[in-house]
Structures are given as C-alpha cells and as structure tokens.
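What follows is upload-v5.txt (compact mmCIF, C-alpha atoms and all ligand atoms).
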# COMPACT_ATOMS: atom_id res chain seq x y z
CA MET Z 19 -21.89 0.94 17.90
CA PRO Z 20 -20.21 0.80 14.41
CA GLY Z 21 -17.04 2.24 15.99
CA PHE Z 22 -16.98 -0.47 18.65
CA VAL Z 23 -17.68 -3.35 16.24
CA VAL Z 24 -15.07 -2.23 13.69
CA SER Z 25 -12.44 -1.50 16.41
CA ALA Z 26 -13.03 -4.94 17.96
CA GLY Z 27 -12.69 -6.54 14.48
CA ILE Z 28 -9.44 -4.70 13.79
CA PHE Z 29 -8.09 -5.61 17.25
CA LEU Z 30 -8.87 -9.31 16.63
CA LEU Z 31 -7.26 -9.06 13.19
CA PHE Z 32 -4.07 -7.58 14.68
CA ALA Z 33 -4.03 -10.21 17.45
CA ALA Z 34 -4.53 -13.06 14.92
CA GLY Z 35 -1.84 -11.64 12.59
CA LEU Z 36 0.71 -11.26 15.37
CA TRP Z 37 -0.11 -14.70 16.77
CA LEU Z 38 0.29 -16.38 13.35
CA ALA Z 39 3.57 -14.53 12.77
CA ALA Z 40 4.94 -15.31 16.25
CA SER Z 41 3.91 -18.98 16.18
CA GLY Z 42 5.66 -19.68 12.90
CA GLN Z 43 2.45 -20.18 10.91
CA ALA Z 44 3.07 -17.22 8.60
CA GLY Z 45 5.70 -18.83 6.40
CA PRO Z 46 9.49 -18.54 6.48
CA ASP Z 47 9.46 -14.71 6.54
CA PRO Z 48 6.83 -13.49 9.06
CA ALA Z 49 7.79 -9.80 8.60
CA LYS Z 50 7.16 -10.05 4.84
CA TRP Z 51 3.86 -11.83 5.53
CA LEU Z 52 2.78 -9.10 7.98
CA LEU Z 53 3.76 -6.39 5.48
CA HIS Z 54 1.78 -8.00 2.68
CA GLN Z 55 -1.31 -8.82 4.72
CA SER Z 56 -1.46 -5.38 6.36
CA GLY Z 57 -1.07 -3.67 2.96
CA LEU Z 58 -3.84 -5.72 1.39
CA VAL Z 59 -6.20 -5.29 4.37
CA ALA Z 60 -5.61 -1.50 4.38
CA LEU Z 61 -6.42 -1.27 0.66
CA CYS Z 62 -9.53 -3.45 1.05
CA LEU Z 63 -10.73 -1.31 3.97
CA LEU Z 64 -10.28 1.86 1.89
CA LEU Z 65 -12.31 0.35 -0.95
CA ALA Z 66 -14.94 -0.86 1.52
CA THR Z 67 -15.15 2.69 2.95
CA ILE Z 68 -15.95 4.30 -0.40
CA SER Z 69 -18.22 1.43 -1.46
CA LEU Z 70 -20.64 2.15 1.41
CA ALA Z 71 -22.14 5.17 -0.38
CA SER Z 72 -22.75 3.11 -3.55
CA MET Z 73 -24.28 0.23 -1.58
CA ARG Z 74 -26.50 2.66 0.31
CA ARG Z 75 -27.85 3.95 -3.02
CA ALA Z 76 -28.14 0.52 -4.62
CA PHE Z 77 -29.90 -1.17 -1.70
CA SER Z 78 -31.63 1.93 -0.21
CA MET Z 79 -29.94 1.40 3.15
CA PRO Z 80 -29.22 4.88 4.60
CA GLY Z 81 -27.89 3.34 7.86
CA LEU Z 82 -24.81 2.01 6.04
CA LEU Z 83 -23.14 5.43 6.12
CA ARG Z 84 -22.83 5.18 9.92
CA TRP Z 85 -20.05 2.65 9.29
CA ARG Z 86 -18.02 4.91 7.02
CA ARG Z 87 -16.05 6.80 9.67
CA ALA Z 88 -15.12 3.64 11.60
CA LEU Z 89 -14.02 1.84 8.41
CA GLY Z 90 -12.03 4.84 7.19
CA ILE Z 91 -10.17 5.20 10.49
CA SER Z 92 -9.49 1.45 10.56
CA ALA Z 93 -8.02 1.69 7.06
CA PHE Z 94 -5.66 4.41 8.29
CA VAL Z 95 -4.72 2.43 11.43
CA VAL Z 96 -3.92 -0.72 9.39
CA ALA Z 97 -2.02 1.33 6.75
CA SER Z 98 0.01 2.87 9.60
CA ALA Z 99 0.72 -0.60 11.03
CA HIS Z 100 1.94 -1.58 7.52
CA VAL Z 101 4.33 1.40 7.55
CA VAL Z 102 5.50 0.49 11.09
CA VAL Z 103 6.28 -3.10 9.95
CA TYR Z 104 8.36 -1.68 7.10
CA VAL Z 105 10.18 0.86 9.31
CA ALA Z 106 10.84 -1.63 12.15
CA PHE Z 107 11.49 -4.99 10.40
CA TYR Z 108 12.70 -3.95 6.95
CA GLN Z 109 14.75 -0.88 7.84
CA ALA Z 110 15.46 -1.35 11.58
CA PHE Z 111 14.45 2.30 12.23
CA ASP Z 112 17.41 3.52 10.11
CA ILE Z 113 16.27 6.94 8.85
CA THR Z 114 19.06 7.16 6.24
CA ALA Z 115 18.14 3.74 4.79
CA ILE Z 116 14.46 4.73 4.70
CA THR Z 117 15.19 8.02 2.93
CA ASP Z 118 17.43 6.22 0.39
CA ASP Z 119 14.71 3.66 -0.25
CA VAL Z 120 12.05 6.36 -0.75
CA VAL Z 121 14.28 8.14 -3.28
CA LYS Z 122 15.45 4.97 -5.11
CA ARG Z 123 12.23 2.96 -5.36
CA PRO Z 124 9.26 4.84 -6.87
CA TYR Z 125 6.69 2.43 -5.39
CA ILE Z 126 7.93 3.25 -1.86
CA MET Z 127 7.54 6.97 -2.64
CA ILE Z 128 4.01 6.29 -3.91
CA GLY Z 129 3.22 4.33 -0.71
CA LEU Z 130 4.48 7.25 1.35
CA ALA Z 131 2.41 9.73 -0.70
CA CYS Z 132 -0.62 7.53 -0.13
CA TRP Z 133 -0.09 7.45 3.64
CA LEU Z 134 0.46 11.24 3.68
CA ALA Z 135 -2.81 11.71 1.74
CA LEU Z 136 -4.66 9.61 4.32
CA LEU Z 137 -3.18 11.51 7.29
CA PRO Z 138 -5.28 14.72 7.02
CA LEU Z 139 -8.39 12.59 6.50
CA ALA Z 140 -7.73 10.69 9.74
CA LEU Z 141 -6.90 13.91 11.60
CA THR Z 142 -10.18 15.54 10.51
CA SER Z 143 -12.37 12.48 11.02
CA THR Z 144 -14.00 13.77 14.21
CA ALA Z 145 -17.55 15.17 14.24
CA ARG Z 146 -16.10 18.40 15.62
CA ALA Z 147 -13.68 18.86 12.69
CA ARG Z 148 -16.48 18.07 10.27
CA ARG Z 149 -18.73 20.75 11.79
CA ALA Z 150 -15.91 23.31 11.96
CA MET Z 151 -14.82 22.78 8.34
CA GLY Z 152 -18.27 22.78 6.71
CA THR Z 153 -18.13 22.21 2.94
CA ARG Z 154 -14.30 22.28 3.02
CA TRP Z 155 -14.49 18.95 4.89
CA TYR Z 156 -16.23 17.27 1.94
CA ARG Z 157 -13.75 18.72 -0.51
CA LEU Z 158 -10.80 17.55 1.61
CA HIS Z 159 -12.24 14.07 2.03
CA ARG Z 160 -12.36 13.59 -1.74
CA LEU Z 161 -8.63 12.99 -1.26
CA VAL Z 162 -9.58 9.42 -0.38
CA TYR Z 163 -10.03 8.69 -4.12
CA PHE Z 164 -6.52 9.97 -4.84
CA ALA Z 165 -5.15 7.91 -1.91
CA ILE Z 166 -6.82 4.75 -3.25
CA ALA Z 167 -5.41 5.33 -6.75
CA LEU Z 168 -1.95 5.68 -5.17
CA ALA Z 169 -2.46 2.55 -3.03
CA ILE Z 170 -3.43 0.50 -6.11
CA ALA Z 171 -0.42 1.80 -8.07
CA HIS Z 172 1.79 0.99 -5.06
CA GLN Z 173 0.34 -2.54 -4.79
CA GLY Z 174 0.76 -3.19 -8.52
CA MET Z 175 4.38 -2.00 -8.51
CA ALA Z 176 5.23 -3.74 -5.22
CA GLN Z 177 4.23 -7.26 -6.16
CA LYS Z 178 5.53 -7.03 -9.78
CA ALA Z 179 4.68 -10.57 -11.03
CA ASP Z 180 0.99 -11.42 -10.79
CA LEU Z 181 -1.19 -8.58 -12.06
CA ALA Z 182 -4.52 -10.37 -11.46
CA VAL Z 183 -5.04 -8.89 -7.99
CA THR Z 184 -4.10 -5.41 -9.21
CA LEU Z 185 -6.55 -5.70 -12.11
CA PHE Z 186 -9.27 -6.75 -9.68
CA PHE Z 187 -8.60 -3.64 -7.53
CA VAL Z 188 -8.52 -1.39 -10.63
CA ALA Z 189 -11.83 -2.83 -11.90
CA LEU Z 190 -13.54 -2.45 -8.51
CA PHE Z 191 -12.25 1.11 -8.08
CA CYS Z 192 -13.35 2.11 -11.61
CA ALA Z 193 -16.81 0.59 -11.02
CA LEU Z 194 -17.21 2.56 -7.77
CA LEU Z 195 -16.01 5.78 -9.45
CA ALA Z 196 -18.39 5.23 -12.37
CA GLU Z 197 -21.29 4.68 -10.00
CA LYS Z 198 -20.43 7.80 -8.02
CA PHE Z 199 -19.57 10.28 -10.75
CA LEU Z 200 -21.38 9.06 -13.88
CA LEU Z 201 -24.51 7.12 -12.90
CA ARG Z 202 -25.42 9.43 -10.02
CA ARG Z 203 -24.89 12.52 -12.16
CA GLY Z 204 -27.09 10.96 -14.87
CA ALA Z 205 -29.82 10.20 -12.34
CA ARG Z 206 -29.67 13.76 -11.00
CA ALA Z 207 -29.91 15.23 -14.54
CA SER Z 208 -32.95 13.10 -15.42
CA SER Z 209 -34.70 14.00 -12.14
CA THR Z 210 -34.34 17.73 -12.88
CA ARG Z 211 -35.62 17.35 -16.44
C1 LIG M 301 5.48 4.93 3.75
C2 LIG M 301 4.51 4.22 3.24
C3 LIG M 301 4.65 2.80 2.73
C4 LIG M 301 5.74 1.99 2.60
C5 LIG M 301 7.19 2.30 2.93
C6 LIG M 301 5.28 0.72 2.06
C7 LIG M 301 6.10 -0.37 1.78
C8 LIG M 301 5.70 -1.54 1.19
C9 LIG M 301 6.56 -2.66 0.87
C10 LIG M 301 8.07 -2.71 1.14
C11 LIG M 301 5.79 -3.61 0.29
C12 LIG M 301 6.21 -5.03 -0.13
C13 LIG M 301 6.94 -5.10 -1.42
C14 LIG M 301 7.55 -6.47 -1.61
O1 LIG M 301 6.82 -7.43 -1.88
O2 LIG M 301 8.76 -6.57 -1.50
C15 LIG M 301 4.44 -3.09 0.24
C16 LIG M 301 3.38 -3.76 -0.31
C17 LIG M 301 2.09 -3.29 -0.28
N1 LIG M 301 1.63 -2.12 0.29
FE1 LIG M 301 2.78 -0.69 1.12
N2 LIG M 301 3.93 0.78 1.89
C18 LIG M 301 3.51 2.04 2.29
C19 LIG M 301 2.22 2.51 2.29
C20 LIG M 301 1.12 1.79 1.94
C21 LIG M 301 -0.24 2.21 2.08
C22 LIG M 301 -0.66 3.57 2.66
C23 LIG M 301 -1.04 1.19 1.61
C24 LIG M 301 -2.53 1.08 1.50
C25 LIG M 301 -3.39 1.93 1.89
C26 LIG M 301 -0.16 0.13 1.16
C27 LIG M 301 -0.57 -1.05 0.59
C28 LIG M 301 0.26 -2.05 0.13
C29 LIG M 301 -0.18 -3.23 -0.58
C30 LIG M 301 -1.64 -3.54 -0.96
C31 LIG M 301 0.97 -3.99 -0.85
C32 LIG M 301 1.05 -5.28 -1.67
C33 LIG M 301 0.73 -6.47 -0.85
C34 LIG M 301 0.66 -7.71 -1.74
O3 LIG M 301 0.30 -7.61 -2.92
O4 LIG M 301 0.95 -8.80 -1.24
N3 LIG M 301 1.14 0.52 1.40
N4 LIG M 301 4.41 -1.84 0.80

Rendering of file as structure tokens:
Amino acid sequence: MPGFVVSAGIFLLFAAGLWLAASGQAGPDPAKWLLHQSGLVALCLLLATISLASMRRAFSMPGLLRWRRALGISAFVVASAHVVVYVAFYQAFDITAITDDVVKRPYIMIGLACWLALLPLALTSTARARRAMGTRWYRLHRLVYFAIALAIAHQGMAQKADLAVTLFFVALFCALLAEKFLLRRGARASSTR
C-alpha cells in the first residue's frame, strides 16, 4: 500500500511538472525550472525519509516506518530525473562537456557524489537484499546521512544568492540528527540506569 500511494504521488508529480514545463507555465526557461524543482523535491524526500523514524518515536506511531522504503526509493527516482534533466537539457548528452563540468565546478562534483552515495542504497532496497546483508544493511544505509549532507552542500553552492532555504535544510537536518544520535542515546542510557 505505501509503495502504491507514493509511486502514484511521484507519477502525478512528474506528469504535473512535465505538463507545466511543456505548456509554458514554468517560466522562460522550463529546463532550469525542472532542474530546480526536481532537485528540491529529491532533497525534501530524502529528509522526509529520515524524519519518519523521529516522528515514529515522537508520536508513538510504529506504522510510519512502512513508508520509509517507498519514500527513499522515490527520492532516488526524483534525484535521477534531476540528473537526467541536467544531462539531456544542459549538456545535450555530451560526455566530454559533462566531465569538464564535473571537474571545473565543485558543486557538480558534490551532486554526483551524492547521487553515487544514493545508488547502493536504492540497489539494496529490496527485502531480499536486506535479509541477505543482515547488520551490514543497516551500516550501509547510514550512508543516507552522508548523501543528505552532500545534497544540502550542493543546493547551497548551486543557488549561490539566497541562503535562507539552505539554512532551513541545515537546521532541519541538524534537528533530525540530534534527535537520532543525542536524544535517543540519552534516553537509552537513562533506561539502563
Ligand atoms: C550528477 C549529479 C547532479 C548534477 C550534475 C546536478 C546538477 C545541478 C545543477 C546544474 C543545478 C542548478 C544550478 C543552477 O541554478 O544553475 C542543481 C541544483 C540543485 N540540485 Fe543538483 N545535481 C546533481 C545531483 C543532485 C542530487 C543527487 C540532489 C538531491 C538529492 C540534488 C539536488 C539539488 C538541489 C536541491 C538544487 C537546488 C535547487 C534550487 O535551490 O532551486 N542534485 N543541480
């Protein structure tokens, strides 16, 4: 059920985005608009994915975790669409131009590193991979925190001027990390005392 609902939502989002871009309602540069919206949605989905565990603890709603896999995969799908927009509309599939850009502009390299960090998480997102990998699966999936840090750095460097959105992402990410690593550890220590 969560998989179906999230996939349907992402499909509608893609359809709406493409329709707005194709019908001239996405401003003078539809490719730029698609790149920006897809980047922001991917980052928000990643943050939403990690926030589920905190919300489950805060509101005692164990069922929330059933949404985590679907949200995480959607984040990867939207991030990949973002990369496809860049490769197709910004670089016209020119591998040399892409390589030059990755080398010349650090924020592009950081974006690439972020996507590469998400790739093994998407590839091992099946229940079968999770069973086969045991505790290694949990260790690998901690990479999501690294990927989010890279995505926020990439966003901050990409849009250069207005830092308000970046600061919002940094604050939200720090709050989620604090809840996970500090508050939970504190609660565990006091329960064993
Ligand atoms: C190979 C990988 C990637 C490339 C080449 C890439 C490229 C770009 C480019 C060219 C921009 C727009 C910069 C401008 O305004 O001129 C951008 C913005 C952005 N990207 Fe990426 N990106 C990559 C991966 C990612 C990933 C994996 C995420 C998130 C998970 C992401 C999230 C964002 C965000 C949030 C923005 C800023 C949007 C805004 O503030 O309006 N990017 N990216």

Fill in the blank from the handout: Ala93 of chain Z proximity check over Z:Gln43, Z:Cys62, Z:Ala71, Z:Arg154, using only C-alpha atoms: winner is Z:Cys62

Exercise for the section: Measure the distance from atom C3 of ligand LIG 301 (chain M) to atom CA of Val95 of chain Z in Å and round it to one decimal. Expected result: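 Interatomic distance here is 12.8 Å.
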
At most 6 Å from ligand LIG 301 (chain M) (all atoms listed in the file): residue list as a PDB file with C-alpha atoms, keeping the file's coordinate frame:
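File produced: out.pdb:
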ATOM      1  CA  HIS Z  54       1.780  -8.000   2.680  1.00  0.00           C
ATOM      2  CA  GLY Z  57      -1.070  -3.670   2.960  1.00  0.00           C
ATOM      3  CA  LEU Z  58      -3.840  -5.720   1.390  1.00  0.00           C
ATOM      4  CA  ALA Z  60      -5.610  -1.500   4.380  1.00  0.00           C
ATOM      5  CA  LEU Z  61      -6.420  -1.270   0.660  1.00  0.00           C
ATOM      6  CA  ALA Z  97      -2.020   1.330   6.750  1.00  0.00           C
ATOM      7  CA  VAL Z 101       4.330   1.400   7.550  1.00  0.00           C
ATOM      8  CA  TYR Z 104       8.360  -1.680   7.100  1.00  0.00           C
ATOM      9  CA  ILE Z 126       7.930   3.250  -1.860  1.00  0.00           C
ATOM     10  CA  GLY Z 129       3.220   4.330  -0.710  1.00  0.00           C
ATOM     11  CA  LEU Z 130       4.480   7.250   1.350  1.00  0.00           C
ATOM     12  CA  CYS Z 132      -0.620   7.530  -0.130  1.00  0.00           C
ATOM     13  CA  TRP Z 133      -0.090   7.450   3.640  1.00  0.00           C
ATOM     14  CA  ALA Z 169      -2.460   2.550  -3.030  1.00  0.00           C
ATOM     15  CA  GLN Z 173       0.340  -2.540  -4.790  1.00  0.00           C
ATOM     16  CA  ALA Z 176       5.230  -3.740  -5.220  1.00  0.00           C
ATOM     17  CA  GLN Z 177       4.230  -7.260  -6.160  1.00  0.00           C
TER      18      GLN Z 177
END

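Nearest to Phe107 of chain Z of all the residues Z:Met175, Z:Leu38, Z:Leu53, Z:Ala196 is Z:Leu53, based on all atoms listed in the file.
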
Practice task
Could you check which of Z:Ala167, Z:Leu36, Z:Met79, Z:Ala193 is closest to Ala131 of chain Z, using all atoms listed in the file?
Solution key: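 Using all atoms listed in the file, the shortest distance to Ala131 of chain Z belongs to Z:Ala167.
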
Practice task
Would you mind telling me which residue in Z:Met127, Z:Ala76, Z:Val59, Z:Ala179 lies nearest to Leu201 of chain Z when using all atoms listed in the file?
Solution key: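 Among the listed residues, Z:Ala76 lies closest to Leu201 of chain Z.
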
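With all atoms listed in the file as the basis for measurement, Z:His100 is the residue among Z:His100, Z:Leu70, Z:Leu190, Z:Val120 that approaches Phe32 of chain Z most closely.
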
Exercise for the section: Please identify all polymer residues within 10 Å of Lys198 of chain Z, counting only C-alpha atoms, omitting same-chain residues fewer than 3 positions from it, and present them as a PyMOL selection string. Expected result: chain Z and resi 68-69+71-72+75+192-195+201-203

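Proximity of Z:Leu161, Z:Met151, Z:Leu141, Z:Leu89 to Ala66 of chain Z, computed with only C-alpha atoms, is greatest for Z:Leu89.
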
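Taking atom CA of Thr184 of chain Z as the reference point, atom CA of Leu139 of chain Z is found at 24.3 Å.
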
Exercise for the section: For Leu64 of chain Z, please output as a PyMOL selection string all residues within 9 Å (counting only C-alpha atoms; exclusion window: fewer than 6 positions along the same chain). Expected result: chain Z and resi 89-90+92-94+162+165-166

Exercise for the section: Can you work out the spacing between atom CA of Leu168 of chain Z and atom CA of Ala135 of chain Z in Å, to one decimal? Expected result: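 Distance reported for this atom pair: 9.2 Å.
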
Please, could N, CA and C atoms be added to segment 136-153 of chain Z and the result written as a PDB file, in the frame of the given file?
ATOM      1  N   LEU Z 136      -3.659  10.104   3.359  1.00  0.00           N
ATOM      2  CA  LEU Z 136      -4.660   9.610   4.320  1.00  0.00           C
ATOM      3  C   LEU Z 136      -4.589  10.354   5.653  1.00  0.00           C
ATOM      4  N   LEU Z 137      -3.391  10.878   5.970  1.00  0.00           N
ATOM      5  CA  LEU Z 137      -3.180  11.510   7.290  1.00  0.00           C
ATOM      6  C   LEU Z 137      -4.174  12.641   7.586  1.00  0.00           C
ATOM      7  N   PRO Z 138      -4.331  13.646   6.690  1.00  0.00           N
ATOM      8  CA  PRO Z 138      -5.280  14.720   7.020  1.00  0.00           C
ATOM      9  C   PRO Z 138      -6.724  14.220   7.125  1.00  0.00           C
ATOM     10  N   LEU Z 139      -7.036  13.139   6.418  1.00  0.00           N
ATOM     11  CA  LEU Z 139      -8.390  12.590   6.500  1.00  0.00           C
ATOM     12  C   LEU Z 139      -8.620  11.997   7.889  1.00  0.00           C
ATOM     13  N   ALA Z 140      -7.604  11.281   8.394  1.00  0.00           N
ATOM     14  CA  ALA Z 140      -7.730  10.690   9.740  1.00  0.00           C
ATOM     15  C   ALA Z 140      -7.793  11.802  10.786  1.00  0.00           C
ATOM     16  N   LEU Z 141      -6.954  12.832  10.604  1.00  0.00           N
ATOM     17  CA  LEU Z 141      -6.900  13.910  11.600  1.00  0.00           C
ATOM     18  C   LEU Z 141      -8.201  14.722  11.650  1.00  0.00           C
ATOM     19  N   THR Z 142      -8.934  14.760  10.534  1.00  0.00           N
ATOM     20  CA  THR Z 142     -10.180  15.540  10.510  1.00  0.00           C
ATOM     21  C   THR Z 142     -11.403  14.627  10.510  1.00  0.00           C
ATOM     22  N   SER Z 143     -11.241  13.434  11.070  1.00  0.00           N
ATOM     23  CA  SER Z 143     -12.370  12.480  11.020  1.00  0.00           C
ATOM     24  C   SER Z 143     -13.364  12.669  12.166  1.00  0.00           C
ATOM     25  N   THR Z 144     -13.079  13.589  13.081  1.00  0.00           N
ATOM     26  CA  THR Z 144     -14.000  13.770  14.210  1.00  0.00           C
ATOM     27  C   THR Z 144     -15.231  14.599  13.787  1.00  0.00           C
ATOM     28  N   ALA Z 145     -16.321  14.412  14.531  1.00  0.00           N
ATOM     29  CA  ALA Z 145     -17.550  15.170  14.240  1.00  0.00           C
ATOM     30  C   ALA Z 145     -17.287  16.667  14.409  1.00  0.00           C
ATOM     31  N   ARG Z 146     -16.414  16.989  15.357  1.00  0.00           N
ATOM     32  CA  ARG Z 146     -16.100  18.400  15.620  1.00  0.00           C
ATOM     33  C   ARG Z 146     -15.404  19.042  14.415  1.00  0.00           C
ATOM     34  N   ALA Z 147     -14.402  18.335  13.862  1.00  0.00           N
ATOM     35  CA  ALA Z 147     -13.680  18.860  12.690  1.00  0.00           C
ATOM     36  C   ALA Z 147     -14.640  19.003  11.512  1.00  0.00           C
ATOM     37  N   ARG Z 148     -15.522  18.042  11.378  1.00  0.00           N
ATOM     38  CA  ARG Z 148     -16.480  18.070  10.270  1.00  0.00           C
ATOM     39  C   ARG Z 148     -17.377  19.296  10.364  1.00  0.00           C
ATOM     40  N   ARG Z 149     -17.868  19.571  11.592  1.00  0.00           N
ATOM     41  CA  ARG Z 149     -18.730  20.750  11.790  1.00  0.00           C
ATOM     42  C   ARG Z 149     -17.943  22.031  11.526  1.00  0.00           C
ATOM     43  N   ALA Z 150     -16.714  22.082  12.074  1.00  0.00           N
ATOM     44  CA  ALA Z 150     -15.910  23.310  11.960  1.00  0.00           C
ATOM     45  C   ALA Z 150     -15.538  23.605  10.511  1.00  0.00           C
ATOM     46  N   MET Z 151     -15.313  22.551   9.707  1.00  0.00           N
ATOM     47  CA  MET Z 151     -14.820  22.780   8.340  1.00  0.00           C
ATOM     48  C   MET Z 151     -15.934  22.982   7.313  1.00  0.00           C
ATOM     49  N   GLY Z 152     -17.153  22.592   7.644  1.00  0.00           N
ATOM     50  CA  GLY Z 152     -18.270  22.780   6.710  1.00  0.00           C
ATOM     51  C   GLY Z 152     -18.027  22.105   5.375  1.00  0.00           C
ATOM     52  N   THR Z 153     -18.262  22.840   4.266  1.00  0.00           N
ATOM     53  CA  THR Z 153     -18.130  22.210   2.940  1.00  0.00           C
ATOM     54  C   THR Z 153     -16.667  21.868   2.601  1.00  0.00           C
TER      55      THR Z 153
END
